[in-house]
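Have a look at the structure below, then the notes.
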Amino acid sequence: MSRIIVITSGKGGVGKTSVTANLGMALARLGRKVALVDADFGLRNLDLILGLENRVVYTAIEVIAGECRLEQALVKDKRQAGLVLLPAAQNRNKDAVTPTQMKDLISNLAKNYDYVLVDSPAGIETGFRNAIAAATEALIITTPEVAAVRDADRVVGLLEAHEIKTIRLIINRLRPEMIRQNEMLSMEDILDLLVIPLIGIIPDDERIIVSSNRGEPLVLDSKPSLPGMAFENIAKRLEGKEEVPFLDLMAHNDNLINRIRRLFKG
Amino acid sequence: MINELIERLFNWSNTNSSRDEAKRRLKLVIAHDRAGISPEMIESMRQEILEVIARYLEIDQDETEFTLESDQRITALYANFPIRKVKRQKLLVRDEESETTKT
Ligand SMILES: Nc1ncnc2c1ncn2[C@@H]1O[C@H](COP(=O)(O)OP(=O)(O)OP(=O)(O)O)[C@@H](O)[C@H]1O
Ligand SMILES: [Mg+2]
C-alpha cells in the first residue's frame with residue numbers, strides 16, 4: 001500500500017519544499033521507493049532544491065494534457081536510488097489544472113511507489129486544493145511565529161473538512177536560545193495551541209540554506225548534522241518507529257552561561 | 001535567591017515576555033478562526049443577549065465576560081453575567097400579562 005502525503009502550511013516560506021526534499025531523500029535512503037511531486041505550479045522550486053533543475057524535460061502539465069507519458073516526466077535522482085521527481089509546470093496558468101486531474105495523476109503515480117510526497121504551494125486557494133486532492137495523510141509545517149501557527153490551524157481545519165484524518169505537525173526553524181530567553185514560542189506552546197500530533201522538530205540552521213545553494217539535500221551529507229538527523233528521524237517515525245525520541249535541541253544548543261544558570265537552579 | 005539575582009541580572013525572567021504575549025494572542029485568534037466568528041459578531045451577540053437578560057435581571061455591566069475559548073479542538077462560548085439583583089416587579093408584570101393573554 002503506497003502512502004500519499006501532502007506537505008502543507010498555509011503560510012509561505014516556512015520550509016515545505018526543504019522538508020519535502022530532505023524527507024524524500026531520507027525515506028529513499030531507508031530503501032523506500034519515493035516520488036516527490038511539485039504541486040507549486042508557476043513557482044516550481046523543488047527541482048532546484050534537489051539539484052535536478054537541469055534534467056527537467058516534461059512536467060505534470062504535459063502528462064495531464066496527454067502530451068507525454070507519466071514515466072517520461074519523472075526525473076530520476078542519480079545520487080539516490082528509488083527517488084524520482086515529478087516537476088511542476090513553470091509557465092502555464094496554474095488554474096488550468098483541476099483537483100480531479102491532480103488526483104488521477106497522483107493516484108496513477110502511487111501505484112509504483114511506497115511514498116508520494118506532494119509539496120504544496122502556500123495559501124489555501126486552487127494550488128492548495130490541487131495538492132491535497134489525492135492525499136490521505138498530511139504533514140503540516142509551521143515555524144514558531146504567530147502568523148505561521150495561526151495559518152497552520154486554519155489548514156488543519158480545511159484538511160479535516162476534506163476527510164484527511166492523519167495529520168501530523170513539523171515545527172521548523174526552532175531557535176533554542178530565543179526560547180530560553182522567552183522570546184519565542186516553544187514546541188510545547190505550539191502543541192498546546194494546535195493540538196495535533198508532532199512528528200518532528202527542526203532547528204533553525206544555516207546549513208539548510210547552504211545545502212539549498214548547492215542543490216544537495218542535507219541528508220546526503222556524509223557529515224552528520226542536527227537538522228539532517230531531524231529529517232532522518234521524521235522518516236523513521238513515518239515508517240512506524242514512533243519511539244524515536246525527539247532531538248533535545250535545548251541541550252544541543254547549550255553554552256556556558258546557561259550551564260551556570262542551571263547550576264544555580266539546582 | 002541567588003538564582004533570582006542572576007535572572008534579573010541577565011533579564012531572563014522578563015514578566016511580559018513576547019513568548020507569553022504570542023501564546024495569549026494566538027489562543028484568542030485561533031478560537032475565533034475555528035468558530036468562524038468575527039469579533040464584531042461576538043460583540044453584537046453579547047449586546048443582544050445582554051438586552052434579553054436585562055429585562056429580567058440587573059446585570060453588573062462592567063463585570064460581564066463573553067468570550068470564545070478553544071481547548072482540544074473544541075470551541076465553546078463562555079458567558080458570565082454577574083447578577084446584581086432580580087427584577088421582582090418586572091417578573092410579576094410579565095406573569096400577569098401572560099395570564100391575560102391566556103384567557
Ligand atoms: N530549518 C531551517 N533553517 C534555516 N533556514 C531554513 C530552514 N528551513 C527553511 N529554511 C529556509 O527558508 C526559506 C524558505 O524555505 P522553503 O522554500 O523550503 O519554504 P516553502 O514553505 O517551501 O516556501 P513557499 O511557501 O514559497 O513554497 C529557504 O531559503 C530555506 O533555505
Ligand atoms: Mg515551496
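The chains in the C-alpha cells are called A, B, ... from first to last as shown; in each chain the residues are counted from 1, and the ligands are counted from 1 in the order shown.
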
Contacts of Ala152 (chain A) at 12 Å (only C-alpha atoms; same-chain gap of 3+ positions) as a PyMOL selection string | (chain A and resi 7-12+14+122-124+138-149+155-159+167-171+190-191+193-196) or (chain B and resi 26+30+33-34)

Expected answer as a ChimeraX atom specification: residues within 12 Å of ligand 2, only C-alpha atoms and all ligand atoms | /A:7-21,37-50,88,118-123,127-128,141

Define the interface residues of chain A facing chain B as those within 7 Å, counting only C-alpha atoms, and report them as a list in words.
-> Val146, Arg150, Gln181, Asn182, Glu183, Met184, Leu185, Asp189, Leu193, Val195, Phe264 and Lys265 of chain A

Could the residues in this selection be written to a file with all heavy atoms, as a compact mmCIF listing (two decimals), in the first residue's frame?
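Contents of the output file again30.txt:
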```txt
# COMPACT_ATOMS: atom_id res chain seq x y z
N VAL A 146 3.74 33.72 15.18
CA VAL A 146 2.28 33.81 15.31
C VAL A 146 1.55 33.57 13.99
O VAL A 146 0.59 32.82 13.95
CB VAL A 146 1.83 35.16 15.95
CG1 VAL A 146 2.11 35.17 17.44
CG2 VAL A 146 2.44 36.34 15.26
N ARG A 150 -1.00 30.39 13.33
CA ARG A 150 -2.40 30.65 13.03
C ARG A 150 -2.81 30.00 11.70
O ARG A 150 -3.83 29.33 11.60
CB ARG A 150 -2.64 32.15 12.95
CG ARG A 150 -4.08 32.47 12.67
CD ARG A 150 -4.27 33.88 12.22
NE ARG A 150 -5.69 34.22 12.29
CZ ARG A 150 -6.15 35.45 12.09
NH1 ARG A 150 -5.33 36.43 11.84
NH2 ARG A 150 -7.43 35.68 12.16
N GLN A 181 15.19 32.54 26.28
CA GLN A 181 15.01 33.93 26.71
C GLN A 181 13.54 34.35 26.68
O GLN A 181 13.22 35.53 26.80
CB GLN A 181 15.82 34.86 25.80
CG GLN A 181 17.31 34.72 26.01
CD GLN A 181 18.11 35.34 24.88
OE1 GLN A 181 17.54 35.97 23.99
NE2 GLN A 181 19.41 35.17 24.93
N ASN A 182 12.67 33.38 26.49
CA ASN A 182 11.23 33.65 26.42
C ASN A 182 10.86 34.64 25.32
O ASN A 182 9.93 35.43 25.48
CB ASN A 182 10.71 34.16 27.77
CG ASN A 182 10.44 33.02 28.72
OD1 ASN A 182 9.99 31.95 28.29
ND2 ASN A 182 10.73 33.23 29.99
N GLU A 183 11.57 34.56 24.23
CA GLU A 183 11.25 35.43 23.10
C GLU A 183 10.80 34.61 21.88
O GLU A 183 10.75 35.11 20.77
CB GLU A 183 12.45 36.32 22.73
CG GLU A 183 12.96 37.21 23.83
CD GLU A 183 11.97 38.26 24.31
OE1 GLU A 183 10.84 38.34 23.78
OE2 GLU A 183 12.33 39.00 25.24
N MET A 184 10.51 33.34 22.11
CA MET A 184 10.00 32.51 21.01
C MET A 184 9.09 31.43 21.57
O MET A 184 9.33 30.89 22.63
CB MET A 184 11.16 31.86 20.25
CG MET A 184 10.71 30.99 19.09
SD MET A 184 12.08 30.30 18.14
CE MET A 184 12.26 31.53 16.86
N LEU A 185 8.02 31.12 20.81
CA LEU A 185 7.13 30.02 21.19
C LEU A 185 7.93 28.73 21.22
O LEU A 185 8.73 28.48 20.33
CB LEU A 185 6.00 29.89 20.18
CG LEU A 185 4.96 31.00 20.13
CD1 LEU A 185 4.18 30.93 18.83
CD2 LEU A 185 4.04 30.94 21.32
N ASP A 189 4.44 25.05 23.63
CA ASP A 189 3.46 26.12 23.39
C ASP A 189 2.65 25.84 22.14
O ASP A 189 1.42 25.95 22.13
CB ASP A 189 4.18 27.47 23.20
CG ASP A 189 4.89 27.95 24.45
OD1 ASP A 189 4.52 27.49 25.54
OD2 ASP A 189 5.82 28.78 24.33
N LEU A 193 -1.45 24.88 21.47
CA LEU A 193 -2.35 25.68 20.65
C LEU A 193 -2.97 24.86 19.52
O LEU A 193 -4.16 24.97 19.25
CB LEU A 193 -1.59 26.87 20.06
CG LEU A 193 -1.17 27.96 21.05
CD1 LEU A 193 -0.02 28.79 20.50
CD2 LEU A 193 -2.36 28.86 21.37
N VAL A 195 -2.90 21.33 19.01
CA VAL A 195 -3.46 20.03 19.39
C VAL A 195 -3.50 19.03 18.23
O VAL A 195 -4.52 18.43 17.94
CB VAL A 195 -4.88 20.17 19.97
CG1 VAL A 195 -5.13 19.04 20.96
CG2 VAL A 195 -5.10 21.49 20.65
N PHE A 264 22.76 26.97 39.34
CA PHE A 264 22.16 27.70 40.46
C PHE A 264 20.71 27.29 40.68
O PHE A 264 20.21 27.37 41.78
CB PHE A 264 22.23 29.21 40.21
CG PHE A 264 23.59 29.77 40.49
CD1 PHE A 264 24.41 30.21 39.47
CD2 PHE A 264 24.06 29.82 41.80
CE1 PHE A 264 25.66 30.71 39.72
CE2 PHE A 264 25.33 30.32 42.06
CZ PHE A 264 26.13 30.77 41.01
N LYS A 265 20.08 26.86 39.63
CA LYS A 265 18.68 26.40 39.76
C LYS A 265 18.63 25.10 40.54
O LYS A 265 17.61 24.73 41.07
CB LYS A 265 18.05 26.18 38.37
CG LYS A 265 17.41 27.44 37.83
CD LYS A 265 16.20 27.10 36.98
CE LYS A 265 15.28 28.30 36.85
NZ LYS A 265 14.95 28.62 35.47
```

Neighbour list for Leu57 (chain B) as a list in words, cut-off 12 Å, only C-alpha atoms, skip fewer than 2 positions in-chain | Ile49, Leu50, Glu51, Val52, Ile53, Ala54, Arg55, Ile59, Asp60, Gln61, Phe81, Pro82, Ile83, Arg84, Lys85, Val86, Lys87, Arg88, Gln89, Lys90 and Leu91 of chain B

Contacts of region 77-79 of chain B at 8 Å (only C-alpha atoms; same-chain gap of 3+ positions) as a PyMOL selection string | chain B and resi 64-69

Could you write those residues out with N, CA, C and O atoms, as a PDB file, in the first residue's frame?
```pdb
ATOM      1  N   THR B  64     -19.171  41.805  33.073  1.00  0.00           N
ATOM      2  CA  THR B  64     -19.573  40.715  32.184  1.00  0.00           C
ATOM      3  C   THR B  64     -18.384  40.167  31.405  1.00  0.00           C
ATOM      4  O   THR B  64     -17.451  40.891  31.060  1.00  0.00           O
ATOM      5  N   GLU B  65     -18.455  38.854  31.155  1.00  0.00           N
ATOM      6  CA  GLU B  65     -17.433  38.209  30.333  1.00  0.00           C
ATOM      7  C   GLU B  65     -18.151  37.476  29.216  1.00  0.00           C
ATOM      8  O   GLU B  65     -19.195  36.863  29.448  1.00  0.00           O
ATOM      9  N   PHE B  66     -17.593  37.553  28.051  1.00  0.00           N
ATOM     10  CA  PHE B  66     -18.239  36.909  26.905  1.00  0.00           C
ATOM     11  C   PHE B  66     -17.147  36.573  25.906  1.00  0.00           C
ATOM     12  O   PHE B  66     -16.710  37.413  25.136  1.00  0.00           O
ATOM     13  N   THR B  67     -16.674  35.345  25.947  1.00  0.00           N
ATOM     14  CA  THR B  67     -15.519  35.010  25.110  1.00  0.00           C
ATOM     15  C   THR B  67     -15.630  33.627  24.485  1.00  0.00           C
ATOM     16  O   THR B  67     -16.333  32.754  24.996  1.00  0.00           O
ATOM     17  N   LEU B  68     -14.915  33.472  23.391  1.00  0.00           N
ATOM     18  CA  LEU B  68     -14.762  32.159  22.787  1.00  0.00           C
ATOM     19  C   LEU B  68     -13.490  31.557  23.336  1.00  0.00           C
ATOM     20  O   LEU B  68     -12.468  32.216  23.411  1.00  0.00           O
ATOM     21  N   GLU B  69     -13.560  30.307  23.709  1.00  0.00           N
ATOM     22  CA  GLU B  69     -12.343  29.648  24.159  1.00  0.00           C
ATOM     23  C   GLU B  69     -12.195  28.313  23.466  1.00  0.00           C
ATOM     24  O   GLU B  69     -13.177  27.625  23.219  1.00  0.00           O
TER      25      GLU B  69
END
```
